[in-house]
Structures are given as structure tokens and as C-alpha cells.
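Peer 1: Below is the file structure-v2.csv, with CSV, N, CA and C atoms.
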chain,number,residue,atom,x,y,z
A,133,THR,N,0.8,-1.2,0.0
A,133,THR,CA,0.0,0.0,0.0
A,133,THR,C,0.9,1.3,0.0
A,134,TYR,N,1.9,1.2,0.8
A,134,TYR,CA,2.8,2.4,0.8
A,134,TYR,C,3.4,2.7,-0.5
A,135,GLU,N,4.0,1.7,-1.1
A,135,GLU,CA,4.6,1.8,-2.4
A,135,GLU,C,3.6,2.3,-3.5
A,136,PHE,N,2.4,1.7,-3.4
A,136,PHE,CA,1.4,2.1,-4.3
A,136,PHE,C,1.0,3.6,-4.2
A,137,ALA,N,0.9,4.0,-2.9
A,137,ALA,CA,0.5,5.4,-2.7
A,137,ALA,C,1.6,6.3,-3.2
A,138,ARG,N,2.9,5.9,-3.1
A,138,ARG,CA,4.0,6.8,-3.6
A,138,ARG,C,3.9,6.8,-5.1
A,139,GLU,N,3.6,5.6,-5.7
A,139,GLU,CA,3.6,5.5,-7.2
A,139,GLU,C,2.5,6.4,-7.7
A,140,LEU,N,1.3,6.4,-7.1
A,140,LEU,CA,0.2,7.2,-7.5
A,140,LEU,C,0.5,8.7,-7.4
A,141,ASP,N,1.4,9.1,-6.5
A,141,ASP,CA,1.8,10.5,-6.3
A,141,ASP,C,0.6,11.4,-6.1
A,142,THR,N,-0.3,10.9,-5.3
A,142,THR,CA,-1.5,11.7,-5.0
A,142,THR,C,-1.1,12.9,-4.1
A,143,ASP,N,-2.1,13.8,-3.9
A,143,ASP,CA,-1.8,15.0,-3.1
A,143,ASP,C,-1.8,14.6,-1.6
A,144,TYR,N,-2.7,13.6,-1.3
A,144,TYR,CA,-2.8,13.2,0.1
A,144,TYR,C,-2.9,11.7,0.2
A,145,ALA,N,-2.4,11.1,1.3
A,145,ALA,CA,-2.5,9.7,1.6
A,145,ALA,C,-2.7,9.6,3.1
A,146,MET,N,-3.5,8.5,3.5
A,146,MET,CA,-3.7,8.3,4.9
A,146,MET,C,-3.5,6.8,5.2
A,147,PHE,N,-2.5,6.6,6.0
A,147,PHE,CA,-2.2,5.2,6.5
A,147,PHE,C,-2.8,5.0,7.8
A,148,SER,N,-3.5,3.9,8.0
A,148,SER,CA,-4.2,3.7,9.3
A,148,SER,C,-4.2,2.3,9.7
A,149,VAL,N,-4.5,2.0,11.0
A,149,VAL,CA,-4.7,0.7,11.5
A,149,VAL,C,-6.1,0.4,11.8
A,150,TYR,N,-6.7,-0.6,11.2
A,150,TYR,CA,-8.1,-0.9,11.4
A,150,TYR,C,-8.4,-1.3,12.9
A,151,VAL,N,-9.5,-0.9,13.4
A,151,VAL,CA,-10.0,-1.3,14.7
A,151,VAL,C,-11.4,-1.8,14.5
A,152,PRO,N,-11.7,-2.9,15.1
A,152,PRO,CA,-13.1,-3.5,14.9
A,152,PRO,C,-14.1,-2.5,15.5
A,153,SER,N,-15.2,-2.2,14.8
A,153,SER,CA,-16.2,-1.3,15.3
A,153,SER,C,-17.1,-1.9,16.4
A,154,VAL,N,-17.3,-1.1,17.4
A,154,VAL,CA,-18.2,-1.5,18.5
A,154,VAL,C,-19.5,-1.9,17.9
A,155,GLY,N,-20.0,-3.1,18.3
A,155,GLY,CA,-21.3,-3.6,17.9
A,155,GLY,C,-21.2,-4.4,16.6
A,156,GLY,N,-20.0,-4.3,15.9
A,156,GLY,CA,-19.9,-5.1,14.6
A,156,GLY,C,-19.6,-6.5,14.9
A,157,GLU,N,-19.8,-7.3,13.8
A,157,GLU,CA,-19.6,-8.8,14.0
A,157,GLU,C,-18.2,-9.2,14.5
A,158,LEU,N,-17.2,-8.6,13.9
A,158,LEU,CA,-15.8,-8.9,14.3
A,158,LEU,C,-15.6,-8.5,15.7
A,159,PHE,N,-16.1,-7.3,16.1
A,159,PHE,CA,-15.9,-6.9,17.5
A,159,PHE,C,-16.6,-7.9,18.5
A,160,GLU,N,-17.8,-8.3,18.1
A,160,GLU,CA,-18.5,-9.2,19.0
A,160,GLU,C,-17.8,-10.6,19.1
A,161,THR,N,-17.3,-11.1,18.0
A,161,THR,CA,-16.5,-12.3,18.0
A,161,THR,C,-15.3,-12.2,18.9
A,162,LEU,N,-14.5,-11.1,18.7
A,162,LEU,CA,-13.3,-11.0,19.4
A,162,LEU,C,-13.6,-10.8,20.9
A,163,GLU,N,-14.7,-10.1,21.2
A,163,GLU,CA,-15.1,-9.9,22.6
A,163,GLU,C,-15.4,-11.2,23.2
A,164,ARG,N,-16.2,-12.0,22.5
A,164,ARG,CA,-16.6,-13.3,23.0
A,164,ARG,C,-15.4,-14.2,23.3
A,165,GLU,N,-14.4,-14.1,22.4
A,165,GLU,CA,-13.2,-14.9,22.6
A,165,GLU,C,-12.2,-14.3,23.6
A,166,GLY,N,-12.5,-13.2,24.2
A,166,GLY,CA,-11.7,-12.5,25.2
A,166,GLY,C,-10.4,-12.0,24.6
A,167,LYS,N,-10.4,-11.6,23.3
A,167,LYS,CA,-9.2,-11.1,22.7
A,167,LYS,C,-9.1,-9.6,22.6
A,168,LEU,N,-10.2,-8.9,23.1
A,168,LEU,CA,-10.2,-7.4,23.1
A,168,LEU,C,-9.7,-6.8,24.4
A,169,ASN,N,-8.9,-5.7,24.3
A,169,ASN,CA,-8.6,-5.0,25.5
A,169,ASN,C,-9.7,-3.9,25.6
A,170,LEU,N,-10.7,-4.2,26.4
A,170,LEU,CA,-11.9,-3.4,26.4
A,170,LEU,C,-11.7,-2.0,27.1
A,171,GLU,N,-10.5,-1.9,27.8
A,171,GLU,CA,-10.2,-0.6,28.3
A,171,GLU,C,-9.8,0.4,27.2
A,172,ASN,N,-9.4,-0.1,26.0
A,172,ASN,CA,-9.0,0.7,24.9
A,172,ASN,C,-10.2,1.0,23.9
A,173,VAL,N,-11.4,0.5,24.2
A,173,VAL,CA,-12.5,0.7,23.3
A,173,VAL,C,-12.9,2.2,23.3
A,174,TYR,N,-12.9,2.8,22.1
A,174,TYR,CA,-13.3,4.2,21.9
A,174,TYR,C,-14.2,4.4,20.7
A,175,GLY,N,-14.7,3.4,20.1
A,175,GLY,CA,-15.7,3.6,19.0
A,175,GLY,C,-15.2,4.0,17.7
A,176,ALA,N,-13.9,4.1,17.4
A,176,ALA,CA,-13.3,4.4,16.1
A,176,ALA,C,-13.2,3.2,15.2
A,177,ASP,N,-13.2,3.4,13.9
A,177,ASP,CA,-13.0,2.3,13.0
A,177,ASP,C,-11.6,2.2,12.6
A,178,TYR,N,-10.7,3.1,12.9
A,178,TYR,CA,-9.3,3.0,12.6
A,178,TYR,C,-8.5,4.0,13.4
A,179,ILE,N,-7.2,3.7,13.5
A,179,ILE,CA,-6.3,4.6,14.2
A,179,ILE,C,-5.4,5.3,13.2
A,180,THR,N,-5.3,6.6,13.3
A,180,THR,CA,-4.4,7.3,12.3
A,180,THR,C,-3.2,7.8,13.0
A,181,VAL,N,-2.3,8.3,12.3
A,181,VAL,CA,-1.0,8.8,12.9
A,181,VAL,C,-1.2,9.9,13.9
A,182,TYR,N,-2.4,10.6,13.8
A,182,TYR,CA,-2.7,11.7,14.7
A,182,TYR,C,-3.2,11.2,16.0
A,183,SER,N,-3.5,9.9,16.1
A,183,SER,CA,-4.2,9.4,17.3
A,183,SER,C,-3.3,9.2,18.5
A,184,GLU,N,-3.8,9.3,19.7
A,184,GLU,CA,-3.1,9.1,20.9
A,184,GLU,C,-3.6,7.7,21.5
A,185,ARG,N,-4.2,6.9,20.7
A,185,ARG,CA,-4.9,5.7,21.2
A,185,ARG,C,-3.9,4.5,21.1
A,186,ALA,N,-4.2,3.6,22.0
A,186,ALA,CA,-3.5,2.3,22.0
A,186,ALA,C,-4.2,1.3,21.1
A,187,PRO,N,-3.5,0.3,20.5
A,187,PRO,CA,-4.2,-0.7,19.8
A,187,PRO,C,-5.2,-1.4,20.6
A,188,LEU,N,-6.3,-1.8,20.0
A,188,LEU,CA,-7.4,-2.5,20.7
A,188,LEU,C,-7.2,-4.0,20.7
A,189,VAL,N,-6.6,-4.6,19.7
A,189,VAL,CA,-6.5,-6.0,19.6
A,189,VAL,C,-5.4,-6.4,18.6
A,190,GLU,N,-4.7,-7.5,18.9
A,190,GLU,CA,-3.8,-8.0,17.9
A,190,GLU,C,-4.6,-8.8,16.9
A,191,MET,N,-4.6,-8.4,15.6
A,191,MET,CA,-5.4,-9.1,14.6
A,191,MET,C,-4.6,-9.7,13.5
A,192,SER,N,-3.3,-9.7,13.5
A,192,SER,CA,-2.5,-10.3,12.5
A,192,SER,C,-1.2,-10.8,13.0
A,193,ALA,N,-0.4,-11.4,12.1
A,193,ALA,CA,0.9,-11.9,12.6
A,193,ALA,C,1.9,-10.7,12.9
A,194,VAL,N,1.5,-9.5,12.4
A,194,VAL,CA,2.4,-8.4,12.7
A,194,VAL,C,1.8,-7.7,14.0
A,195,PRO,N,2.6,-7.6,15.0
A,195,PRO,CA,2.1,-7.0,16.3
A,195,PRO,C,1.6,-5.6,16.1
A,196,ALA,N,0.6,-5.3,16.9
A,196,ALA,CA,-0.1,-4.0,16.7
A,196,ALA,C,0.9,-2.8,16.9
A,197,ALA,N,1.8,-3.0,17.8
A,197,ALA,CA,2.8,-1.9,18.0
A,197,ALA,C,3.6,-1.7,16.8
A,198,GLU,N,4.0,-2.8,16.1
A,198,GLU,CA,4.7,-2.6,14.9
A,198,GLU,C,3.9,-2.0,13.8
A,199,LEU,N,2.6,-2.3,13.7
A,199,LEU,CA,1.7,-1.7,12.7
A,199,LEU,C,1.6,-0.2,13.0
A,200,MET,N,1.5,0.2,14.2
A,200,MET,CA,1.5,1.6,14.6
A,200,MET,C,2.8,2.3,14.1
A,201,SER,N,3.9,1.7,14.4
A,201,SER,CA,5.2,2.2,14.0
A,201,SER,C,5.3,2.4,12.4
A,202,LEU,N,4.8,1.3,11.7
A,202,LEU,CA,4.8,1.4,10.3
A,202,LEU,C,3.9,2.5,9.7
A,203,MET,N,2.8,2.6,10.4
A,203,MET,CA,1.8,3.7,10.0
A,203,MET,C,2.5,5.1,10.1
A,204,GLU,N,3.2,5.3,11.2
A,204,GLU,CA,3.9,6.6,11.3
A,204,GLU,C,5.1,6.7,10.3
A,205,GLU,N,5.8,5.6,10.1
A,205,GLU,CA,6.9,5.7,9.1
A,205,GLU,C,6.4,5.9,7.7
A,206,PHE,N,5.3,5.3,7.3
A,206,PHE,CA,4.8,5.5,6.0
A,206,PHE,C,4.2,6.9,5.8
A,207,THR,N,3.6,7.4,6.8
A,207,THR,CA,3.1,8.8,6.7
A,207,THR,C,4.2,9.8,6.5
A,208,ARG,N,5.2,9.7,7.4
A,208,ARG,CA,6.4,10.6,7.2
A,208,ARG,C,7.1,10.4,5.9
A,209,GLY,N,7.2,9.1,5.5
A,209,GLY,CA,7.9,8.8,4.2
A,209,GLY,C,7.1,9.3,3.0
A,210,PHE,N,5.8,9.3,3.1
A,210,PHE,CA,5.0,9.8,2.0
A,210,PHE,C,5.1,11.3,1.9
A,211,TYR,N,4.9,12.0,3.0
A,211,TYR,CA,4.9,13.5,3.0
A,211,TYR,C,6.2,14.2,3.0
A,212,LEU,N,7.3,13.5,3.4
A,212,LEU,CA,8.6,14.2,3.4
A,212,LEU,C,9.5,13.9,2.2
A,213,ARG,N,8.9,13.4,1.1
A,213,ARG,CA,9.7,13.3,-0.1
A,213,ARG,C,10.0,14.6,-0.7
A,214,PRO,N,11.2,14.9,-1.1
A,214,PRO,CA,11.5,16.2,-1.7
A,214,PRO,C,10.6,16.6,-2.9
A,215,GLY,N,10.3,15.6,-3.7
A,215,GLY,CA,9.5,15.9,-4.9
A,215,GLY,C,8.1,16.3,-4.5
A,216,TYR,N,7.6,15.6,-3.5
A,216,TYR,CA,6.2,15.9,-3.0
A,216,TYR,C,6.2,17.3,-2.4
A,217,ILE,N,7.2,17.6,-1.6
A,217,ILE,CA,7.2,18.9,-0.9
A,217,ILE,C,7.3,20.0,-2.0
A,218,LEU,N,8.1,19.9,-3.0
A,218,LEU,CA,8.2,20.9,-4.0
A,218,LEU,C,6.9,21.0,-4.8
A,219,LYS,N,6.3,19.9,-5.1
A,219,LYS,CA,5.0,19.9,-5.8
A,219,LYS,C,3.9,20.6,-5.0
A,220,ARG,N,3.9,20.4,-3.7
A,220,ARG,CA,2.9,21.0,-2.8
A,220,ARG,C,3.2,22.5,-2.7
A,221,LEU,N,4.4,22.9,-2.6
A,221,LEU,CA,4.8,24.3,-2.5
A,221,LEU,C,4.4,25.1,-3.7
A,222,ARG,N,4.6,24.4,-4.9
A,222,ARG,CA,4.3,25.1,-6.2
A,222,ARG,C,2.7,25.2,-6.3
A,223,SER,N,2.0,24.4,-5.7
A,223,SER,CA,0.5,24.4,-5.8
A,223,SER,C,-0.2,25.4,-4.9
A,224,LEU,N,0.5,25.9,-3.9
A,224,LEU,CA,-0.1,26.8,-2.9
A,224,LEU,C,-0.4,28.1,-3.6
A,225,THR,N,-1.7,28.4,-3.6
A,225,THR,CA,-2.2,29.6,-4.3
A,225,THR,C,-2.8,30.7,-3.4
A,226,SER,N,-3.0,30.3,-2.2
A,226,SER,CA,-3.6,31.2,-1.2
A,226,SER,C,-3.1,31.1,0.2
A,227,SER,N,-3.2,32.1,1.0
A,227,SER,CA,-2.7,32.0,2.3
A,227,SER,C,-3.5,31.0,3.1
A,228,GLY,N,-4.8,30.8,2.8
A,228,GLY,CA,-5.6,29.8,3.5
A,228,GLY,C,-5.1,28.4,3.2
A,229,GLU,N,-4.7,28.1,2.0
A,229,GLU,CA,-4.2,26.8,1.6
A,229,GLU,C,-2.9,26.6,2.3
A,230,PHE,N,-2.1,27.6,2.4
A,230,PHE,CA,-0.8,27.5,3.0
A,230,PHE,C,-1.0,27.2,4.5
A,231,ARG,N,-1.9,27.8,5.1
A,231,ARG,CA,-2.2,27.5,6.6
A,231,ARG,C,-2.7,26.1,6.8
A,232,ARG,N,-3.5,25.6,5.8
A,232,ARG,CA,-4.0,24.2,5.9
A,232,ARG,C,-2.8,23.2,5.8
A,233,VAL,N,-1.9,23.5,4.9
A,233,VAL,CA,-0.7,22.6,4.8
A,233,VAL,C,0.1,22.6,6.0
A,234,LEU,N,0.3,23.8,6.6
A,234,LEU,CA,1.1,24.0,7.8
A,234,LEU,C,0.4,23.2,9.0
A,235,TRP,N,-0.9,23.3,9.0
A,235,TRP,CA,-1.7,22.6,10.1
A,235,TRP,C,-1.5,21.1,9.9
A,236,GLY,N,-1.5,20.6,8.7
A,236,GLY,CA,-1.3,19.1,8.5
A,236,GLY,C,0.1,18.7,9.0
A,237,VAL,N,1.1,19.5,8.6
A,237,VAL,CA,2.5,19.2,9.0
A,237,VAL,C,2.6,19.2,10.5
A,238,ALA,N,2.0,20.2,11.1
A,238,ALA,CA,2.0,20.3,12.6
A,238,ALA,C,1.4,19.1,13.3
A,239,LEU,N,0.2,18.6,12.7
A,239,LEU,CA,-0.4,17.5,13.3
A,239,LEU,C,0.5,16.2,13.2
A,240,ILE,N,1.1,16.0,12.1
A,240,ILE,CA,1.9,14.8,11.9
A,240,ILE,C,3.1,14.9,12.8
A,241,PHE,N,3.8,16.0,12.9
A,241,PHE,CA,5.0,16.1,13.7
A,241,PHE,C,4.7,16.3,15.2
A,242,SER,N,3.5,16.9,15.6
A,242,SER,CA,3.2,17.0,17.0
A,242,SER,C,3.1,15.6,17.6
A,243,HIS,N,2.4,14.7,16.9
A,243,HIS,CA,2.3,13.4,17.5
A,243,HIS,C,3.7,12.7,17.6
A,244,ARG,N,4.5,12.9,16.6
A,244,ARG,CA,5.8,12.2,16.7
A,244,ARG,C,6.7,12.8,17.8
A,245,PHE,N,6.6,14.1,18.0
A,245,PHE,CA,7.4,14.7,19.1
A,245,PHE,C,6.8,14.3,20.4
A,246,LYS,N,5.5,14.2,20.6
A,246,LYS,CA,5.0,13.7,21.8
A,246,LYS,C,5.4,12.3,22.1
A,247,THR,N,5.4,11.4,21.1
A,247,THR,CA,5.8,10.1,21.2
A,247,THR,C,7.3,10.0,21.7
A,248,LEU,N,8.2,10.8,21.0
A,248,LEU,CA,9.6,10.8,21.3
A,248,LEU,C,9.8,11.3,22.8
A,249,PHE,N,9.1,12.4,23.1
A,249,PHE,CA,9.2,12.9,24.4
A,249,PHE,C,8.8,11.9,25.5
A,250,LYS,N,7.7,11.2,25.3
A,250,LYS,CA,7.3,10.2,26.3
A,250,LYS,C,8.3,9.1,26.4
A,251,ALA,N,8.8,8.7,25.2
A,251,ALA,CA,9.8,7.6,25.2
A,251,ALA,C,11.1,8.0,26.0
A,252,ARG,N,11.5,9.3,25.8
A,252,ARG,CA,12.7,9.8,26.5
A,252,ARG,C,12.5,9.8,28.0
A,253,ARG,N,11.3,10.3,28.4
A,253,ARG,CA,11.0,10.4,29.8
A,253,ARG,C,10.9,9.0,30.4
A,254,LYS,N,10.3,8.0,29.8
A,254,LYS,CA,10.1,6.7,30.3
A,254,LYS,C,11.5,5.9,30.4
A,255,SER,N,12.4,6.2,29.4
A,255,SER,CA,13.6,5.4,29.3
A,255,SER,C,14.8,6.1,29.9
A,256,LYS,N,14.6,7.2,30.6
A,256,LYS,CA,15.7,7.9,31.2
A,256,LYS,C,16.5,6.9,32.1
A,257,ASN,N,17.8,6.9,31.8
A,257,ASN,CA,18.7,5.9,32.6
A,257,ASN,C,19.9,6.7,33.0
A,258,GLY,N,19.8,7.2,34.3
A,258,GLY,CA,20.9,8.0,34.8
A,258,GLY,C,20.9,9.3,34.1
A,259,ASN,N,22.1,9.7,33.5
A,259,ASN,CA,22.2,11.0,32.8
A,259,ASN,C,22.0,10.8,31.3
A,260,SER,N,21.9,9.6,30.8
A,260,SER,CA,21.8,9.4,29.4
A,260,SER,C,20.3,9.0,29.0
A,261,TRP,N,20.0,9.3,27.8
A,261,TRP,CA,18.7,8.9,27.2
A,261,TRP,C,18.9,7.7,26.3
A,262,THR,N,17.9,6.8,26.4
A,262,THR,CA,17.9,5.6,25.5
A,262,THR,C,16.6,5.6,24.8
A,263,TYR,N,16.6,5.0,23.6
A,263,TYR,CA,15.4,4.9,22.8
A,263,TYR,C,15.1,3.5,22.5
Just give me the structure of the file as C-alpha cells.

Peer 2:
Amino acid sequence: TYEFARELDTDYAMFSVYVPSVGGELFETLEREGKLNLENVYGADYITVYSERAPLVEMSAVPAAELMSLMEEFTRGFYLRPGYILKRLRSLTSSGEFRRVLWGVALIFSHRFKTLFKARRKSKNGNSWTY
């Protein structure tokens, strides 16, 4: 999906992790099997890079934490390509559009900075930081 999104060279792409919908058949099955972390239920159908949510369930051979990491990596990789950045800068025709682009960049990076800050705080070991 990531390579396909890059190949299409669209203006926007959204990478997300699916979450079973509350009340849906998959949700009910996973709940019955005791595979859901019900403390993390929040009613969304997917988790995006902007989310502060924890995965609800392990649904594939790829651990949910790794899926979350891939989602962030793919989002940054899609939007931080030099060609994409130049294309977007050339297409900005109004101050409103420029503000929307800056808002999107801020959302993507604010989540990443929060994640890094939390990781640094949790893994502080003496005077050095580990990741």
C-alpha cells in the first residue's frame, strides 16, 4: 500500500490501522473470545498517525505496536519526499491553503514529538537517554 501510494503520487494519503467497530460482527466475535482490550475501546473504525490511542487488539501476525510504527513511518515517508514537498509548495495559491498545509504538518509532527518525548521520559537511565 505504501509503495502504491507513492507510485500514484496523490496529493494526500492516509495510512491507518483498522479497529473493529463496537457492535460489529468482528468486535462481537473478538469480545466473546476474550481477545479485546476493552479498556481501549473508543468507538473508532481506525487509528491514524494523529491518534493518541493504543491498539485495541492483535489481529494479524504483525504485532499492533509494529503496525502503529509502520503507519507513522509510511506517513512521514510519503509526505517528506522532496518531490512531494516541491509539488505542494508550487501548488499553494492562497494563504488559506498555506495555513492548511502547515496545520497538517504540525499534526503529523506534534504526534511524533509527543511520542519521542514520552519515550525519552520513560527510558531515562541516569544522565543518558535511550530509545

Peer 1: Find, counting all atoms listed in the file, the residue in A:Arg220, A:Leu234, A:Val189, A:Lys167 that gets nearest to Pro152 of chain A.

Peer 2: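 The answer is A:Val189, which sits nearest to Pro152 of chain A.
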
Peer 1: Which one of A:Leu170, A:Leu162, A:Leu199, A:Ile217 sits closest to Asp143 of chain A if you count only C-alpha atoms?

Peer 2: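 Of all the options, A:Ile217 lies closest to Asp143 of chain A.
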
Peer 1: Could you jot down the atom CA of Ser192 of chain A to atom CA of Val149 of chain A separation for me, Å, one decimal place?

Peer 2: 11.3 Å

Peer 1: Excluding same-chain residues fewer than 3 positions from segment 201-211 of chain A, what lies within 6 Å of it counting all atoms listed in the file, as a list in words?

Peer 2: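 So the residues in contact are Phe147, Ser148, Val181, Ala196, Ala197, Glu198 and Ile217 of chain A.
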
Peer 1: To one decimal in Å, tell me the separation between atom N of Lys219 of chain A and atom CA of Leu239 of chain A.

Peer 2: 19.7 Å

Peer 1: Between atom N of Val154 of chain A and atom CA of Val173 of chain A, what is the distance, to one decimal in Å?

Peer 2: 7.8 Å

Peer 1: Identify, with DSSP run on backbone atoms, the residues in segment 147-246 of chain A assigned to alpha helix (DSSP H), and express the list as a VMD selection string.

Peer 2: chain A and resid 157 to 164 196 to 211 214 to 223 227 to 246

Peer 1: Select, from A:Met200, A:Val194, A:Leu158, A:Met146, the residue with the minimum atom-to-atom distance to Thr133 of chain A, counting only C-alpha atoms.

Peer 2: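 Between A:Met200, A:Val194, A:Leu158, A:Met146, the residue approaching Thr133 of chain A most closely is A:Met146.
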